[in-house]
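File shown: coords.txt (compact mmCIF, C-alpha atoms and all ligand atoms).
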```
# COMPACT_ATOMS: atom_id res chain seq x y z
CA MET F 1 14.76 0.81 -2.97
CA ALA F 2 11.15 1.28 -3.90
CA LEU F 3 9.56 0.53 -7.24
CA ILE F 4 8.75 3.92 -8.75
CA ILE F 5 5.29 3.44 -10.20
CA ASP F 6 5.30 5.03 -13.65
CA GLY F 7 1.88 6.66 -14.05
CA ASN F 8 2.84 8.08 -17.45
CA ALA F 9 3.65 4.63 -18.87
CA ILE F 10 0.59 2.92 -17.36
CA SER F 11 -1.66 5.74 -18.53
CA LYS F 12 -0.21 5.44 -22.05
CA GLN F 13 -1.04 1.72 -22.17
CA ILE F 14 -4.62 2.54 -21.18
CA ARG F 15 -4.91 5.43 -23.65
CA ASP F 16 -3.55 3.27 -26.48
CA GLY F 17 -6.19 0.63 -25.70
CA ILE F 18 -8.93 3.27 -25.66
CA LYS F 19 -7.76 4.72 -28.99
CA CYS F 20 -7.85 1.31 -30.62
CA GLU F 21 -11.31 0.55 -29.30
CA ILE F 22 -12.67 3.93 -30.44
CA GLU F 23 -11.37 3.36 -33.98
CA GLY F 24 -13.37 0.14 -34.20
CA LEU F 25 -16.52 1.64 -32.67
CA ARG F 26 -16.41 4.75 -34.88
CA HIS F 27 -16.44 2.45 -37.89
CA LYS F 28 -19.45 0.61 -36.53
CA PHE F 29 -21.58 3.52 -35.27
CA GLY F 30 -20.46 6.34 -37.58
CA ARG F 31 -19.18 8.61 -34.84
CA GLY F 32 -16.78 8.57 -31.90
CA PRO F 33 -17.44 9.64 -28.30
CA GLY F 34 -18.07 13.32 -27.49
CA LEU F 35 -17.15 15.16 -24.29
CA ALA F 36 -18.22 18.65 -23.18
CA VAL F 37 -16.00 20.34 -20.60
CA ILE F 38 -17.35 23.34 -18.72
CA LEU F 39 -14.80 25.79 -17.39
CA VAL F 40 -15.94 28.64 -15.16
CA GLY F 41 -13.64 31.54 -14.24
CA ASP F 42 -9.93 31.96 -14.86
CA ASN F 43 -8.25 29.71 -12.29
CA PRO F 44 -4.85 28.97 -13.94
CA ALA F 45 -4.65 25.39 -12.58
CA SER F 46 -8.15 24.63 -13.90
CA GLN F 47 -7.23 26.08 -17.31
CA LEU F 48 -4.14 23.87 -17.37
CA TYR F 49 -6.08 20.72 -16.43
CA VAL F 50 -8.81 21.42 -19.00
CA GLY F 51 -6.17 21.94 -21.70
CA ARG F 52 -4.58 18.58 -20.83
CA LYS F 53 -7.93 16.82 -20.89
CA SER F 54 -8.82 18.26 -24.32
CA LYS F 55 -5.45 17.26 -25.75
CA ALA F 56 -5.78 13.74 -24.34
CA CYS F 57 -9.26 13.49 -25.91
CA SER F 58 -8.07 14.45 -29.38
CA GLU F 59 -5.18 11.96 -29.14
CA VAL F 60 -7.55 9.01 -28.66
CA GLY F 61 -10.27 10.17 -31.05
CA ILE F 62 -12.75 11.67 -28.58
CA TYR F 63 -14.43 14.84 -29.85
CA SER F 64 -14.27 17.47 -27.11
CA GLU F 65 -15.55 20.99 -26.74
CA VAL F 66 -14.65 23.40 -23.94
CA LYS F 67 -17.38 25.79 -22.87
CA LYS F 68 -15.79 28.72 -21.07
CA PHE F 69 -17.72 31.11 -18.84
CA PRO F 70 -16.78 34.10 -16.73
CA GLY F 71 -16.63 33.54 -12.97
CA GLU F 72 -19.76 35.70 -12.53
CA ILE F 73 -22.05 33.28 -14.40
CA SER F 74 -25.18 32.46 -12.40
CA GLU F 75 -25.95 28.99 -11.15
CA SER F 76 -29.25 28.87 -13.03
CA VAL F 77 -27.61 29.73 -16.38
CA LEU F 78 -25.04 27.01 -15.77
CA ILE F 79 -27.77 24.48 -14.96
CA ASP F 80 -29.67 25.46 -18.14
CA LEU F 81 -26.52 24.80 -20.17
CA ILE F 82 -25.98 21.41 -18.51
CA GLU F 83 -29.58 20.45 -19.25
CA GLU F 84 -29.05 21.38 -22.89
CA LEU F 85 -25.94 19.18 -22.99
CA ASN F 86 -27.88 16.37 -21.30
CA ARG F 87 -30.20 16.42 -24.34
CA ASP F 88 -27.42 16.73 -26.94
CA LYS F 89 -27.11 13.38 -28.77
CA THR F 90 -23.54 14.10 -29.91
CA ILE F 91 -22.30 14.57 -26.35
CA ASP F 92 -21.76 11.41 -24.28
CA GLY F 93 -19.91 12.92 -21.35
CA ILE F 94 -20.14 16.18 -19.40
CA LEU F 95 -17.43 17.39 -17.08
CA VAL F 96 -17.59 20.52 -14.96
CA GLN F 97 -14.08 21.49 -13.94
CA LEU F 98 -13.87 22.03 -10.17
CA PRO F 99 -13.57 24.11 -8.07
CA LEU F 100 -16.47 26.39 -8.97
CA PRO F 101 -16.80 29.99 -7.74
CA GLU F 102 -18.27 30.19 -4.24
CA HIS F 103 -21.66 31.58 -5.32
CA ILE F 104 -22.36 28.36 -7.27
CA ASN F 105 -23.57 25.32 -5.34
CA GLU F 106 -21.35 22.45 -6.45
CA HIS F 107 -23.80 19.79 -5.31
CA ARG F 108 -26.67 21.23 -7.39
CA ILE F 109 -24.38 21.37 -10.43
CA MET F 110 -23.32 17.73 -10.03
CA GLU F 111 -26.97 16.80 -9.55
CA ALA F 112 -27.91 18.56 -12.81
CA ILE F 113 -25.59 16.39 -14.92
CA SER F 114 -27.36 13.32 -16.25
CA PRO F 115 -25.95 10.28 -14.37
CA GLN F 116 -25.36 8.58 -17.77
CA LYS F 117 -23.14 11.50 -18.90
CA ASP F 118 -21.44 12.11 -15.55
CA VAL F 119 -17.87 11.18 -16.53
CA ASP F 120 -16.47 12.56 -13.25
CA GLY F 121 -18.68 10.12 -11.34
CA LEU F 122 -19.80 12.81 -8.89
CA ASN F 123 -23.56 12.86 -9.49
CA PRO F 124 -25.32 11.57 -6.33
CA VAL F 125 -26.76 8.62 -8.31
CA ASN F 126 -23.28 7.49 -9.35
CA ILE F 127 -21.90 8.04 -5.84
CA GLY F 128 -24.78 5.92 -4.52
CA ASN F 129 -23.94 3.22 -7.05
CA LEU F 130 -20.32 3.40 -5.96
CA VAL F 131 -21.36 2.82 -2.35
CA LEU F 132 -23.36 -0.21 -3.56
CA ASN F 133 -20.39 -1.42 -5.63
CA CYS F 134 -22.35 -1.33 -8.88
CA ALA F 135 -21.16 1.94 -10.43
CA THR F 136 -20.04 2.21 -14.06
CA LEU F 137 -18.88 5.83 -13.91
CA VAL F 138 -16.60 6.23 -10.88
CA PRO F 139 -14.55 9.28 -9.85
CA CYS F 140 -11.46 9.42 -12.06
CA THR F 141 -8.67 9.86 -9.50
CA ALA F 142 -9.94 7.00 -7.34
CA ALA F 143 -10.27 4.74 -10.40
CA GLY F 144 -6.77 5.74 -11.47
CA ILE F 145 -5.32 4.84 -8.08
CA ILE F 146 -6.85 1.36 -8.22
CA GLU F 147 -5.48 0.81 -11.76
CA LEU F 148 -2.01 1.96 -10.68
CA ILE F 149 -1.92 -0.46 -7.76
CA GLN F 150 -3.37 -3.38 -9.73
CA ARG F 151 -1.04 -2.93 -12.70
CA SER F 152 2.13 -2.49 -10.61
CA VAL F 153 2.05 -4.17 -7.23
CA LYS F 154 -1.14 -6.17 -7.96
CA GLU F 155 -2.66 -7.44 -4.71
CA ILE F 156 -5.05 -5.18 -2.77
CA LYS F 157 -7.05 -7.91 -1.03
CA GLY F 158 -6.43 -8.14 2.71
CA LYS F 159 -4.10 -5.16 2.83
CA HIS F 160 -4.67 -2.35 5.30
CA SER F 161 -5.20 0.87 3.35
CA VAL F 162 -4.99 4.22 5.07
CA ILE F 163 -6.32 7.21 3.16
CA ILE F 164 -5.38 10.67 4.39
CA GLY F 165 -8.05 13.08 3.17
CA ARG F 166 -11.83 12.65 3.07
CA SER F 167 -12.88 14.84 0.15
CA ASN F 168 -15.84 13.80 -2.00
CA ILE F 169 -13.67 13.89 -5.11
CA VAL F 170 -10.67 11.84 -3.90
CA GLY F 171 -10.59 10.52 -0.32
CA LYS F 172 -14.08 9.05 0.03
CA PRO F 173 -14.33 7.36 -3.40
CA THR F 174 -10.81 5.96 -3.06
CA ALA F 175 -11.71 4.49 0.33
CA LEU F 176 -14.86 2.89 -1.13
CA MET F 177 -13.04 1.42 -4.12
CA LEU F 178 -10.27 -0.03 -1.96
CA LEU F 179 -12.94 -1.51 0.31
CA HIS F 180 -14.64 -3.13 -2.72
CA HIS F 181 -11.24 -4.64 -3.57
CA HIS F 182 -11.29 -6.30 -0.14
CA SER F 183 -8.86 -3.99 1.59
CA THR F 184 -9.33 -3.03 5.24
CA VAL F 185 -9.73 0.73 5.09
CA THR F 186 -9.06 3.58 7.51
CA ILE F 187 -9.81 7.19 6.58
CA CYS F 188 -7.90 10.01 8.28
CA HIS F 189 -8.49 13.75 8.03
CA SER F 190 -7.54 17.07 9.56
CA ARG F 191 -9.18 16.24 12.90
CA THR F 192 -7.62 12.78 13.24
CA LYS F 193 -5.71 12.76 16.50
CA ASN F 194 -3.18 9.96 16.12
CA LEU F 195 -2.42 10.36 12.40
CA ASN F 196 1.22 9.22 12.63
CA GLU F 197 0.30 6.06 14.53
CA ILE F 198 -2.42 5.14 12.00
CA ALA F 199 -0.32 6.03 8.94
CA LYS F 200 2.41 3.73 10.21
CA GLN F 201 0.03 0.75 10.13
CA ALA F 202 -0.70 1.15 6.41
CA ASP F 203 0.24 -1.45 3.81
CA ILE F 204 -1.19 0.99 1.24
CA LEU F 205 -0.94 4.66 2.20
CA VAL F 206 -2.85 7.13 0.02
CA ALA F 207 -1.99 10.76 0.72
CA ALA F 208 -4.64 13.18 -0.57
CA LEU F 209 -4.39 16.12 1.78
CA GLY F 210 -2.67 18.77 -0.31
CA ARG F 211 0.26 19.52 2.03
CA PRO F 212 3.72 19.45 0.41
CA LYS F 213 6.06 16.72 1.75
CA PHE F 214 3.78 16.21 4.76
CA ILE F 215 4.25 12.42 5.00
CA THR F 216 7.81 11.73 6.03
CA ARG F 217 9.83 8.54 6.21
CA ASP F 218 9.28 8.13 9.97
CA MET F 219 5.48 8.09 9.43
CA VAL F 220 5.41 5.00 7.18
CA LYS F 221 5.88 1.28 7.63
CA GLU F 222 8.76 -0.49 5.90
CA GLY F 223 7.46 -1.90 2.60
CA VAL F 224 4.49 0.49 2.33
CA ILE F 225 2.87 1.14 -1.07
CA ALA F 226 2.82 4.94 -1.13
CA ILE F 227 0.26 6.58 -3.43
CA ASP F 228 0.72 10.32 -3.69
CA VAL F 229 -2.33 12.25 -4.88
CA GLY F 230 -1.14 15.67 -3.73
CA ILE F 231 -0.34 18.39 -6.24
CA ASN F 232 1.28 21.28 -4.43
CA ARG F 233 2.86 24.15 -6.32
CA VAL F 234 5.66 25.76 -4.32
CA ASP F 235 7.89 28.38 -5.94
CA GLY F 236 6.86 27.20 -9.39
CA LYS F 237 7.71 23.56 -8.66
CA LEU F 238 5.34 20.63 -8.08
CA TRP F 239 5.52 18.58 -4.89
CA GLY F 240 3.47 15.69 -3.67
CA ASP F 241 2.18 15.07 -0.17
CA PHE F 242 4.97 12.57 0.48
CA ASP F 243 8.56 13.53 1.16
CA PHE F 244 9.46 11.44 -1.90
CA GLU F 245 13.22 11.19 -1.32
CA GLY F 246 12.84 9.99 2.28
CA VAL F 247 9.82 7.70 1.82
CA LYS F 248 11.20 5.93 -1.26
CA GLU F 249 14.04 4.58 0.92
CA VAL F 250 11.59 2.50 2.98
CA ALA F 251 8.58 1.99 0.68
CA SER F 252 8.19 -1.06 -1.56
CA ALA F 253 6.51 1.13 -4.21
CA ILE F 254 5.79 4.83 -4.57
CA THR F 255 4.17 7.12 -7.13
CA PRO F 256 6.12 10.22 -8.14
CA VAL F 257 4.71 13.75 -8.49
CA PRO F 258 4.42 14.63 -11.29
CA GLY F 259 4.05 11.43 -13.32
CA GLY F 260 2.09 9.23 -10.90
CA VAL F 261 -1.59 9.64 -10.13
CA GLY F 262 -2.10 12.77 -12.31
CA PRO F 263 -1.85 11.09 -15.75
CA MET F 264 -4.08 8.27 -14.49
CA THR F 265 -6.85 10.72 -13.64
CA VAL F 266 -6.86 11.88 -17.27
CA ALA F 267 -6.77 8.29 -18.58
CA MET F 268 -9.78 7.40 -16.42
CA LEU F 269 -11.68 10.41 -17.77
CA LEU F 270 -11.16 9.04 -21.29
CA LYS F 271 -12.22 5.59 -20.12
CA ASN F 272 -15.39 6.98 -18.51
CA THR F 273 -16.23 8.94 -21.68
CA LEU F 274 -15.84 5.75 -23.71
CA LEU F 275 -18.03 3.85 -21.22
CA ALA F 276 -20.73 6.56 -21.40
CA TYR F 277 -20.64 6.45 -25.23
CA LYS F 278 -20.83 2.65 -25.28
CA SER F 279 -23.77 2.57 -22.92
CA ASN F 280 -25.62 4.83 -25.43
CA TYR F 281 -25.28 1.92 -27.85
CA LYS F 282 -26.27 -0.59 -25.17
CA ILE F 283 -22.75 -1.94 -24.83
CA PHE F 284 -22.25 -2.46 -21.11
CA PRO F 285 -19.08 -3.53 -19.27
P1 LIG Q 1 -9.49 18.88 -0.23
O1 LIG Q 1 -8.85 20.14 0.25
O2 LIG Q 1 -10.90 18.87 -0.66
O3 LIG Q 1 -9.34 17.79 0.93
C1 LIG Q 1 -8.19 17.66 1.69
C2 LIG Q 1 -8.42 16.64 2.77
O4 LIG Q 1 -7.21 16.51 3.51
C3 LIG Q 1 -9.52 17.03 3.76
O5 LIG Q 1 -10.37 15.92 3.95
C4 LIG Q 1 -8.77 17.36 5.05
O6 LIG Q 1 -9.48 16.95 6.20
C5 LIG Q 1 -7.49 16.56 4.89
N1 LIG Q 1 -6.37 17.22 5.56
C6 LIG Q 1 -5.93 18.48 5.37
N2 LIG Q 1 -4.88 18.74 6.19
C7 LIG Q 1 -4.67 17.63 6.90
C8 LIG Q 1 -3.74 17.26 7.89
N3 LIG Q 1 -2.83 18.13 8.34
N4 LIG Q 1 -3.79 16.01 8.40
C9 LIG Q 1 -4.72 15.11 7.96
N5 LIG Q 1 -5.62 15.40 7.01
C10 LIG Q 1 -5.59 16.64 6.48
O7 LIG Q 1 -8.53 18.35 -1.36
P2 LIG Q 1 -8.76 17.28 -2.56
O8 LIG Q 1 -9.57 17.90 -3.62
O9 LIG Q 1 -9.16 15.97 -2.01
O10 LIG Q 1 -7.26 17.19 -3.09
C11 LIG Q 1 -6.19 16.76 -2.26
C12 LIG Q 1 -4.89 16.93 -2.99
O11 LIG Q 1 -4.90 16.12 -4.15
C13 LIG Q 1 -4.62 18.35 -3.50
O12 LIG Q 1 -3.23 18.58 -3.48
C14 LIG Q 1 -5.10 18.30 -4.95
O13 LIG Q 1 -4.45 19.26 -5.76
C15 LIG Q 1 -4.70 16.91 -5.32
N6 LIG Q 1 -5.49 16.29 -6.39
C16 LIG Q 1 -4.79 15.59 -7.31
C17 LIG Q 1 -5.44 14.93 -8.31
C18 LIG Q 1 -4.64 14.14 -9.29
O14 LIG Q 1 -5.15 13.78 -10.34
N7 LIG Q 1 -3.39 13.82 -8.98
C19 LIG Q 1 -6.84 14.98 -8.40
C20 LIG Q 1 -7.55 15.69 -7.44
C21 LIG Q 1 -6.84 16.33 -6.42
```
Take the structure in this file and express it as structure tokens.
Amino acid sequence: MALIIDGNAISKQIRDGIKCEIEGLRHKFGRGPGLAVILVGDNPASQLYVGRKSKACSEVGIYSEVKKFPGEISESVLIDLIEELNRDKTIDGILVQLPLPEHINEHRIMEAISPQKDVDGLNPVNIGNLVLNCATLVPCTAAGIIELIQRSVKEIKGKHSVIIGRSNIVGKPTALMLLHHHSTVTICHSRTKNLNEIAKQADILVAALGRPKFITRDMVKEGVIAIDVGINRVDGKLWGDFDFEGVKEVASAITPVPGGVGPMTVAMLLKNTLLAYKSNYKIFP
């Protein structure tokens, strides 16, 4: 039977550490970290995620403010607001909740956020630094996946990692981070021809495709470490990309949905906000 990797428990350990550190730093610098979250439109999932992020901030002592805008907001108004937040000395981190409405160019929005305040790690400068393996602010889900593996099953070095999904927000940064941890990495996507054959070679299999129960027991190697990024809502219930019940019979470790990668993404957002705040005071990791 597989080890069920408890993302809630690991995330709590991290959040407790962050809370403690912020208490000390607030004493020293007279203020704690500040995060601005921009929410455009009324996507219910985005509203839910933003609510969770704000709550997590207040629990560790990060000041957060949510700036809500109607879906019709223009790109230029949004960029003006980001530039204002870039100049705001009380705000260390800026997060724009994705996805954005189609008329707004996501790349230009990410580019507008100051790289020092880019707590989602999606500004081209931070992505470039990630490629070079010298990034401080890295995309939260990818960072969370690495923490989960390191704190549960430990060794990444030398393992063959297969990532299914090549999005800028999850698949690509996860692949890069695993590579920097000396894994041999294969990326698969919707046009990959022999997906089953490749998936079956994985020591670490990261599923980030957004298809409920897509990865079945027959597609994985015995002893695989199965990391499920997928969040799929079907009939009001959440499912991952793995067929959890089947895969857990053969995996050595697996993350559940919910309670696996999701809470780690939030913990890494808090960590990035703390890192951004500390770098304002010239405290570098
Ligand atoms: P996306 O739609 O941007 O990318 C999906 C990727 O999967 C694409 O690269 C596509 O090529 C690939 N893909 C789709 N169908 C495929 C198939 N049949 N075979 C192989 N590859 C296929 O999605 P995303 O933003 O990367 O998110 C992926 C999933 O992860 C979604 O369910 C999303 O809700 C979830 N997610 C979870 C967290 C978290 O914190 N747990 C964070 C971000 C995203």
Report task. Kindly compile the residues surrounding ligand LIG 1 (chain Q) within 10 Å, counting all atoms listed in the file, and format them as a ChimeraX atom specification. Result -> /F:45,49,98-99,139-142,144-145,163-172,187-196,207-212,214-215,227-233,238-241,257-266,268
**Report entry** Nearest candidate to F:Ile5 (options F:Ser183, F:Glu65, F:Gly246, F:Val153; using only C-alpha atoms)
**Finding:**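 Nearest candidate to F:Ile5 out of F:Ser183, F:Glu65, F:Gly246, F:Val153: F:Val153.
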**Report entry** Separation of atom CA of F:Thr273 from atom CA of F:Asp120 in Å
**Finding:** 9.2 Å
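Among F:Val138, F:Ala36, F:Ala112, F:Val185, the residue with the shortest atom-to-atom distance to F:Asp88, counting only C-alpha atoms, is F:Ala36.
Closest approach to F:Gly71 among F:Thr255, F:His103, F:Cys20, F:Glu249: F:His103, based on all atoms listed in the file.
Shortest atom-to-atom contact with F:Lys67 among F:Leu132, F:Val40, F:Ile79, F:Ile254: F:Val40, counting all atoms listed in the file.
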Report task. Measure the distance from atom CA of F:Arg108 to atom CA of F:Tyr63 in Å and round it to one decimal. Result ->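 Taking atom CA of F:Arg108 and atom CA of F:Tyr63, their separation equals 26.4 Å.
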Query raised in the report: Given the choices F:Ser252, F:Ser58, F:Thr174, F:Asn126, which gets closest to F:Ile113 if the distance is worked out from only C-alpha atoms?
Result: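 Checking each of F:Ser252, F:Ser58, F:Thr174, F:Asn126 against F:Ile113, counting only C-alpha atoms, the winner is F:Asn126.
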**Report entry** Pairwise distance for atom CA of F:Leu137 and atom CA of F:Asp118, rounded to one decimal in Å
**Finding:** 7.0 Å
**Report entry** Residue contacts of F:Gly61 (8 Å, only C-alpha atoms) excluding same-chain residues fewer than 2 positions away, as a PyMOL selection string
**Finding:** chain F and resi 19+22-23+32-33+57-59+63
Query raised in the report: Closest to F:Lys159 among F:Leu100, F:Leu25, F:Ile204, F:Ala267, using all atoms listed in the file?
Result: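 Using all atoms listed in the file, the shortest distance to F:Lys159 belongs to F:Ile204.
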Report task. Do a neighbour search on F:Glu75 at 10 Å with all atoms listed in the file, toss out local chain neighbours closer than 6 positions, and write the hits as a ChimeraX atom specification. Result -> /F:81,101,103-106,108-109
Requested in this report: Mind listing whatever residues come within 9 Å of the point (-26.7, 11.5, -17.6)? Use all atoms listed in the file, file coordinates, and give them as a list in words.
Outcome: Asn86, Asp92, Gly93, Ile94, Ala112, Ile113, Ser114, Pro115, Gln116, Lys117, Asp118, Val119, Asn123 and Ala276 of chain F
Requested in this report: Could you give me, as a list of chain:residue names, the residues that sit within 6 Å of (1.5, 3.0, -10.5) in the file's coordinates, counting only C-alpha atoms?
Outcome: F:Ile5, F:Asp6, F:Gly7, F:Leu148, F:Ile149, F:Ser152, F:Thr255
Padding 3 Å on each side, edges along x, y and z: where is the centre of the box around the listed atoms of stretch 70-79 of chain F, and how long are its edges in Å to one decimal? Output it as JSON.
```
{"center_x": -22.9, "center_y": 30.1, "center_z": -13.9, "size_x": 18.6, "size_y": 17.2, "size_z": 11.6}
```
